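**Q** Pasting target_37.tsv here (TSV, C-alpha atoms):
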chain	number	residue	atom	x	y	z
A	1	MET	CA	63.66	-84.32	-1.45
A	2	THR	CA	62.27	-82.81	1.71
A	3	ASN	CA	63.13	-85.71	4.02
A	4	GLU	CA	66.61	-85.44	5.45
A	5	ILE	CA	69.11	-88.11	4.38
A	6	LEU	CA	70.83	-89.40	7.52
A	7	PHE	CA	73.04	-92.08	5.94
A	8	GLU	CA	73.71	-93.30	2.43
A	9	ASP	CA	76.17	-95.61	0.70
A	10	ASN	CA	75.94	-98.06	-2.20
A	11	HIS	CA	73.77	-100.42	-0.16
A	12	LEU	CA	71.49	-98.38	2.11
A	13	LEU	CA	69.56	-95.12	2.18
A	14	ILE	CA	68.35	-93.96	5.59
A	15	ILE	CA	66.15	-90.89	5.98
A	16	ASN	CA	64.46	-88.88	8.71
A	17	LYS	CA	60.85	-89.39	7.65
A	18	LYS	CA	58.50	-86.50	8.19
A	19	ALA	CA	55.21	-87.19	9.94
A	20	GLY	CA	52.45	-87.52	7.35
A	21	ASP	CA	54.63	-89.02	4.64
A	22	LEU	CA	53.58	-92.44	3.39
A	23	ALA	CA	56.35	-95.05	3.41
A	24	GLN	CA	54.75	-97.27	0.77
A	25	GLY	CA	51.56	-97.26	-1.29
A	26	ASP	CA	48.15	-97.80	0.30
A	27	GLU	CA	44.47	-97.35	-0.50
A	28	THR	CA	44.75	-93.54	-0.38
A	29	GLY	CA	46.57	-93.45	-3.70
A	30	ASP	CA	49.00	-90.85	-2.37
A	31	VAL	CA	52.53	-90.97	-3.76
A	32	PRO	CA	54.63	-93.04	-1.33
A	33	LEU	CA	58.16	-92.19	-0.25
A	34	ILE	CA	59.60	-95.22	-1.99
A	35	ASP	CA	58.44	-93.85	-5.35
A	36	SER	CA	59.51	-90.25	-4.75
A	37	LEU	CA	62.93	-91.43	-3.50
A	38	LYS	CA	63.45	-93.57	-6.60
A	39	GLU	CA	62.73	-90.52	-8.74
A	40	PHE	CA	65.04	-88.37	-6.62
A	41	ILE	CA	67.93	-90.84	-6.98
A	42	LYS	CA	67.31	-91.26	-10.70
A	43	LYS	CA	67.60	-87.51	-11.28
A	44	ARG	CA	70.43	-86.89	-8.80
A	45	ASP	CA	72.62	-89.70	-10.10
A	46	HIS	CA	71.56	-89.34	-13.74
A	47	LYS	CA	70.54	-92.99	-13.92
A	48	PRO	CA	69.15	-94.01	-17.34
A	49	GLY	CA	67.30	-97.11	-16.14
A	50	ASN	CA	65.06	-98.02	-13.23
A	51	VAL	CA	66.27	-97.41	-9.68
A	52	TYR	CA	66.12	-100.30	-7.23
A	53	LEU	CA	64.89	-99.42	-3.74
A	54	GLY	CA	63.39	-101.74	-1.16
A	55	LEU	CA	61.61	-100.75	2.05
A	56	VAL	CA	63.31	-102.51	4.96
A	57	HIS	CA	60.73	-101.69	7.64
A	58	ARG	CA	57.71	-99.45	8.21
A	59	LEU	CA	56.74	-96.41	10.20
A	60	ASP	CA	53.11	-95.42	10.67
A	61	ARG	CA	52.19	-92.49	8.48
A	62	PRO	CA	51.71	-90.00	11.37
A	63	THR	CA	55.06	-91.03	12.92
A	64	SER	CA	58.42	-89.41	12.15
A	65	GLY	CA	62.00	-90.61	12.34
A	66	VAL	CA	64.52	-93.14	11.07
A	67	LEU	CA	63.39	-95.10	8.02
A	68	ILE	CA	65.67	-97.53	6.16
A	69	PHE	CA	65.65	-98.39	2.46
A	70	ALA	CA	67.90	-100.92	0.72
A	71	LYS	CA	69.52	-99.97	-2.58
A	72	THR	CA	70.27	-103.58	-3.60
A	73	SER	CA	68.31	-106.81	-3.35
A	74	LYS	CA	71.16	-108.41	-1.38
A	75	ALA	CA	71.09	-105.60	1.18
A	76	LEU	CA	67.30	-105.90	1.47
A	77	THR	CA	67.51	-109.65	2.13
A	78	ARG	CA	70.19	-109.23	4.78
A	79	MET	CA	68.40	-106.32	6.49
A	80	ASN	CA	65.15	-108.30	6.53
A	81	GLU	CA	67.01	-111.12	8.26
A	82	LEU	CA	68.31	-108.71	10.90
A	83	PHE	CA	64.78	-107.50	11.63
A	84	GLN	CA	63.38	-111.02	11.69
A	85	ASN	CA	66.11	-112.11	14.10
A	86	ARG	CA	65.57	-109.00	16.25
A	87	ALA	CA	69.20	-108.03	15.73
A	88	ILE	CA	68.22	-104.37	15.35
A	89	ASP	CA	68.29	-101.95	18.28
A	90	LYS	CA	65.39	-99.48	17.91
A	91	VAL	CA	64.81	-96.52	20.22
A	92	TYR	CA	61.84	-94.17	20.02
A	93	ARG	CA	60.88	-90.96	21.79
A	94	ALA	CA	57.26	-90.22	22.62
A	95	ILE	CA	55.34	-87.31	24.08
A	96	VAL	CA	52.49	-88.67	26.20
A	97	GLN	CA	49.49	-87.18	28.01
A	98	SER	CA	50.20	-88.58	31.47
A	99	LYS	CA	53.21	-89.44	33.55
A	100	PRO	CA	53.73	-93.23	33.39
A	101	PRO	CA	53.14	-95.23	36.58
A	102	LYS	CA	56.86	-96.10	36.86
A	103	ASP	CA	60.02	-94.30	35.84
A	104	HIS	CA	61.15	-97.44	34.04
A	105	ASP	CA	59.26	-100.59	33.14
A	106	ARG	CA	59.14	-103.52	30.78
A	107	LEU	CA	55.76	-104.07	29.15
A	108	GLU	CA	54.73	-107.46	27.85
A	109	HIS	CA	51.33	-107.80	26.20
A	110	TYR	CA	49.62	-109.69	23.40
A	111	LEU	CA	48.46	-107.60	20.44
A	112	LYS	CA	45.79	-108.37	17.87
A	113	LYS	CA	45.32	-106.19	14.79
A	114	ASN	CA	41.85	-105.50	13.40
A	115	ALA	CA	42.30	-104.80	9.69
A	116	LYS	CA	38.80	-103.31	9.34
A	117	ASN	CA	39.40	-100.37	11.67
A	118	ASN	CA	43.22	-100.47	11.50
A	119	LYS	CA	43.48	-100.67	15.27
A	120	THR	CA	45.37	-102.95	17.61
A	121	THR	CA	43.79	-104.48	20.73
A	122	VAL	CA	45.94	-105.22	23.77
A	123	PHE	CA	45.55	-108.37	25.86
A	124	HIS	CA	47.32	-109.25	29.10
A	125	LYS	CA	47.30	-112.99	28.44
A	126	PRO	CA	47.87	-115.17	25.35
A	127	THR	CA	44.88	-114.85	23.04
A	128	GLU	CA	44.01	-116.48	19.74
A	129	ASP	CA	45.77	-114.73	16.81
A	130	ALA	CA	47.42	-112.24	19.17
A	131	LYS	CA	51.20	-111.78	18.99
A	132	LYS	CA	53.49	-111.18	21.95
A	133	ALA	CA	54.75	-107.61	22.19
A	134	ILE	CA	57.63	-106.42	24.36
A	135	LEU	CA	59.02	-102.96	24.98
A	136	GLU	CA	60.79	-101.04	27.72
A	137	TYR	CA	60.18	-97.41	28.49
A	138	THR	CA	62.12	-94.86	30.51
A	139	TYR	CA	60.57	-91.68	31.80
A	140	LEU	CA	62.66	-88.69	30.71
A	141	GLY	CA	60.78	-85.79	32.30
A	142	ALA	CA	57.84	-83.40	32.32
A	143	LEU	CA	56.98	-80.80	29.71
A	144	THR	CA	54.49	-77.96	30.24
A	145	SER	CA	51.37	-80.10	29.82
A	146	PHE	CA	52.82	-83.42	28.70
A	147	HIS	CA	55.54	-85.92	29.51
A	148	CYS	CA	58.41	-87.41	27.53
A	149	VAL	CA	59.42	-91.06	27.46
A	150	GLU	CA	62.05	-93.09	25.65
A	151	VAL	CA	60.95	-96.48	24.32
A	152	LYS	CA	63.10	-99.43	23.34
A	153	LEU	CA	61.37	-101.99	21.12
A	154	PHE	CA	62.03	-105.69	21.35
A	155	THR	CA	59.29	-106.74	18.92
A	156	GLY	CA	57.84	-104.92	15.93
A	157	ARG	CA	54.07	-105.31	16.10
A	158	SER	CA	51.60	-103.06	14.34
A	159	HIS	CA	50.90	-99.92	16.42
A	160	GLN	CA	52.80	-101.55	19.26
A	161	ILE	CA	54.10	-98.46	21.06
A	162	ARG	CA	50.84	-96.59	20.56
A	163	ALA	CA	48.72	-99.44	21.93
A	164	GLN	CA	50.95	-100.47	24.82
A	165	LEU	CA	51.49	-96.94	26.13
A	166	SER	CA	47.76	-96.31	25.90
A	167	MET	CA	47.12	-99.47	27.90
A	168	ILE	CA	49.11	-98.05	30.86
A	169	GLY	CA	47.22	-94.76	30.71
A	170	CYS	CA	49.75	-92.82	28.63
A	171	PRO	CA	48.28	-92.21	25.17
A	172	ILE	CA	50.62	-90.45	22.77
A	173	LYS	CA	49.92	-86.77	22.11
A	174	GLY	CA	47.71	-86.41	19.04
A	175	ASP	CA	46.86	-90.10	18.79
A	176	LEU	CA	43.06	-90.00	18.84
A	177	LYS	CA	42.85	-93.66	17.85
A	178	TYR	CA	44.46	-94.70	21.14
A	179	GLY	CA	42.93	-92.24	23.55
A	180	ALA	CA	44.52	-88.80	23.04
A	181	LYS	CA	42.26	-85.93	24.01
A	182	ARG	CA	42.84	-83.95	20.81
A	183	SER	CA	44.64	-84.26	17.52
A	184	ASN	CA	47.84	-82.46	16.57
A	185	PRO	CA	47.26	-79.57	14.13
A	186	ASP	CA	49.31	-81.25	11.40
A	187	GLY	CA	47.67	-84.66	11.83
A	188	SER	CA	50.83	-86.20	13.28
A	189	ILE	CA	51.19	-88.16	16.48
A	190	SER	CA	54.06	-87.30	18.81
A	191	LEU	CA	56.06	-90.47	18.25
A	192	HIS	CA	59.54	-90.30	16.75
A	193	ALA	CA	61.83	-93.16	15.70
A	194	GLN	CA	64.94	-91.55	17.10
A	195	ARG	CA	67.77	-94.03	16.86
A	196	ILE	CA	68.60	-97.35	15.24
A	197	THR	CA	71.70	-99.52	15.59
A	198	PHE	CA	72.53	-102.50	13.39
A	199	GLU	CA	75.31	-104.39	11.65
A	200	HIS	CA	75.82	-103.12	8.10
A	201	PRO	CA	74.66	-105.84	5.67
A	202	THR	CA	77.90	-105.74	3.65
A	203	THR	CA	80.71	-104.19	5.68
A	204	LYS	CA	79.54	-105.77	8.97
A	205	GLU	CA	80.37	-102.48	10.69
A	206	VAL	CA	78.05	-101.54	13.55
A	207	ILE	CA	76.07	-98.50	12.41
A	208	THR	CA	74.10	-96.13	14.65
A	209	VAL	CA	71.85	-93.58	12.98
A	210	THR	CA	70.06	-90.85	14.94
A	211	ALA	CA	67.23	-88.71	13.60
A	212	PRO	CA	66.81	-85.20	15.04
A	213	VAL	CA	63.33	-84.61	16.47
A	214	PRO	CA	60.90	-82.45	14.45
A	215	GLN	CA	61.20	-78.66	14.54
A	216	ASP	CA	57.86	-78.30	16.34
A	217	PRO	CA	58.39	-76.33	19.61
A	218	ILE	CA	57.17	-79.12	21.91
A	219	TRP	CA	59.52	-81.57	20.25
A	220	GLN	CA	62.38	-79.12	20.55
A	221	ALA	CA	61.62	-78.85	24.27
A	222	THR	CA	62.42	-82.55	24.63
A	223	THR	CA	66.02	-82.04	23.51
A	224	ILE	CA	66.90	-81.01	27.07
A	225	PHE	CA	66.54	-84.66	28.09
A	226	ASN	CA	69.64	-86.76	27.78
A	227	ALA	CA	68.38	-90.15	26.67
A	228	GLU	CA	71.71	-91.82	26.07
Translate the structure described by the file into structure tokens.

**A**
Amino acid sequence: MTNEILFEDNHLLIINKKAGDLAQGDETGDVPLIDSLKEFIKKRDHKPGNVYLGLVHRLDRPTSGVLIFAKTSKALTRMNELFQNRAIDKVYRAIVQSKPPKDHDRLEHYLKKNAKNNKTTVFHKPTEDAKKAILEYTYLGALTSFHCVEVKLFTGRSHQIRAQLSMIGCPIKGDLKYGAKRSNPDGSISLHAQRITFEHPTTKEVITVTAPVPQDPIWQATTIFNAE
């Protein structure tokens, strides 16, 4: 199991997903994390039968960071309710091409996903079939040729951070689909789900899980920024 386990108990398994890993099956036919994790648990815990594991939320394949799985159906139901009720605090870190226009801002747009090209279009006003998307970003500082921002999500739309940051002229490093100048060598985009806070589905304890940024040198350079 090459993805780092950040938290585990009888109800939840939370990992630091590597960029490029597939959370659940798609048309590529590549083995998804949910299957490889089931096999890992089966062998580790010497389970004779099938292992239950449910994906609580998604991360785009080229994105890294905190990813939550439920180990029981009850935990999955309760975690889904937390996400639906927006009772989850999600914080991302992104490396972008340009310095954002403000050091801190709240972005509200309307996003519409095109399934054919797997791309999200951003609108400034309500549009048919478009869903409202809200995030706040904070500028953390400059890197050699890029800039680092922290993003707090208030909605969970497809490609939301990628599309909204691109709309303000700050495409994410490596994200060709949304305006980056060049791809990253490993096919990733420089977006990391860094921290998540939620009420545990069974114990009701408030849990905060933080995923260390990737070992790539430019990511390591961002650790100088205190984003707390």

**Q** When you look at segment 217-225 of chain A with a cut-off of 10 Å (counting only C-alpha atoms), what residues show up, excluding the ones that are within fewer than 5 positions of it in the same chain? I need them as a PyMOL selection string.

**A** chain A and resi 93-95+139-150+190-192+212

**Q** Calculated over only C-alpha atoms, which of the candidates A:Asn80, A:Asp60, A:Ile168, A:Ile68 has the smallest distance to Pro101 of chain A?

**A**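 Closest candidate: A:Ile168.
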
**Q** For segment 33-45 of chain A, please output as a VMD selection string all residues within 10 Å (counting all atoms listed in the file; exclusion window: fewer than 4 positions along the same chain).

**A** chain A and resid 1 3 13 17 21 to 25 49 to 55 69 71

**Q** Atom CA of Thr127 of chain A and atom CA of Lys112 of chain A are how many Å apart?

**A**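 These atoms are spaced 8.3 Å apart.
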
**Q** As an exercise, work out the distance from atom CA of His46 of chain A to atom CA of Asn10 of chain A in Å and give it to one decimal place.

**A**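 It comes out at 15.1 Å.
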
**Q** Find the residues with any atom within 6 Å of (63.0, -100.6, 31.5); use all atoms listed in the file and the coordinates as given in the file, and write the answer as a list in words.

**A**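 In the file's frame, the residues around the point are His104, Asp105, Arg106, Glu136, Tyr137 and Thr138 of chain A.
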
**Q** Hey, can you check how far atom CA of Thr197 of chain A sits from atom CA of Arg157 of chain A?

**A**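 Atom-to-atom, atom CA of Thr197 of chain A and atom CA of Arg157 of chain A are spaced 18.6 Å apart.
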
**Q** Using only C-alpha atoms, which of the listed residues (A:Asn118, A:Asn184, A:Gln194, A:Gln97) sits closest to Val151 of chain A?

**A**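 With only C-alpha atoms as the atom set, the closest residue is A:Gln194.
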
**Q** What's the 6 Å shell around segment 120-125 of chain A, counting all atoms listed in the file, without same-chain residues fewer than 3 positions away, as a PyMOL selection string?

**A** chain A and resi 109-113

**Q** For the residues selected in the previous step, produce a file with C-alpha atoms as a CSV table (one decimal), in the coordinates of the input.

**A**
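Now in selection.csv:
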chain,number,residue,atom,x,y,z
A,109,HIS,CA,51.3,-107.8,26.2
A,110,TYR,CA,49.6,-109.7,23.4
A,111,LEU,CA,48.5,-107.6,20.4
A,112,LYS,CA,45.8,-108.4,17.9
A,113,LYS,CA,45.3,-106.2,14.8

**Q** Between A:Glu108, A:Ile88, A:Thr202, A:Ile134, single out the one closest to Asp9 of chain A, counting all atoms listed in the file.

**A** A:Thr202

**Q** If we count all atoms listed in the file, what is near Asn16 of chain A at a cut-off of 9 Å, once residues fewer than 6 positions away on the same chain are taken out, given as a PyMOL selection string?

**A** chain A and resi 3-6+64-67+193-194+210-213

**Q** Deliver the residues from the most recent selection as a file, using C-alpha atoms, as a PDB file, in the frame of the given file.

**A**
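again_16.pdb, freshly written:
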ATOM      1  CA  ASN A   3      63.130 -85.710   4.020  1.00  0.00           C
ATOM      2  CA  GLU A   4      66.610 -85.440   5.450  1.00  0.00           C
ATOM      3  CA  ILE A   5      69.110 -88.110   4.380  1.00  0.00           C
ATOM      4  CA  LEU A   6      70.830 -89.400   7.520  1.00  0.00           C
ATOM      5  CA  SER A  64      58.420 -89.410  12.150  1.00  0.00           C
ATOM      6  CA  GLY A  65      62.000 -90.610  12.340  1.00  0.00           C
ATOM      7  CA  VAL A  66      64.520 -93.140  11.070  1.00  0.00           C
ATOM      8  CA  LEU A  67      63.390 -95.100   8.020  1.00  0.00           C
ATOM      9  CA  ALA A 193      61.830 -93.160  15.700  1.00  0.00           C
ATOM     10  CA  GLN A 194      64.940 -91.550  17.100  1.00  0.00           C
ATOM     11  CA  THR A 210      70.060 -90.850  14.940  1.00  0.00           C
ATOM     12  CA  ALA A 211      67.230 -88.710  13.600  1.00  0.00           C
ATOM     13  CA  PRO A 212      66.810 -85.200  15.040  1.00  0.00           C
ATOM     14  CA  VAL A 213      63.330 -84.610  16.470  1.00  0.00           C
TER      15      VAL A 213
END
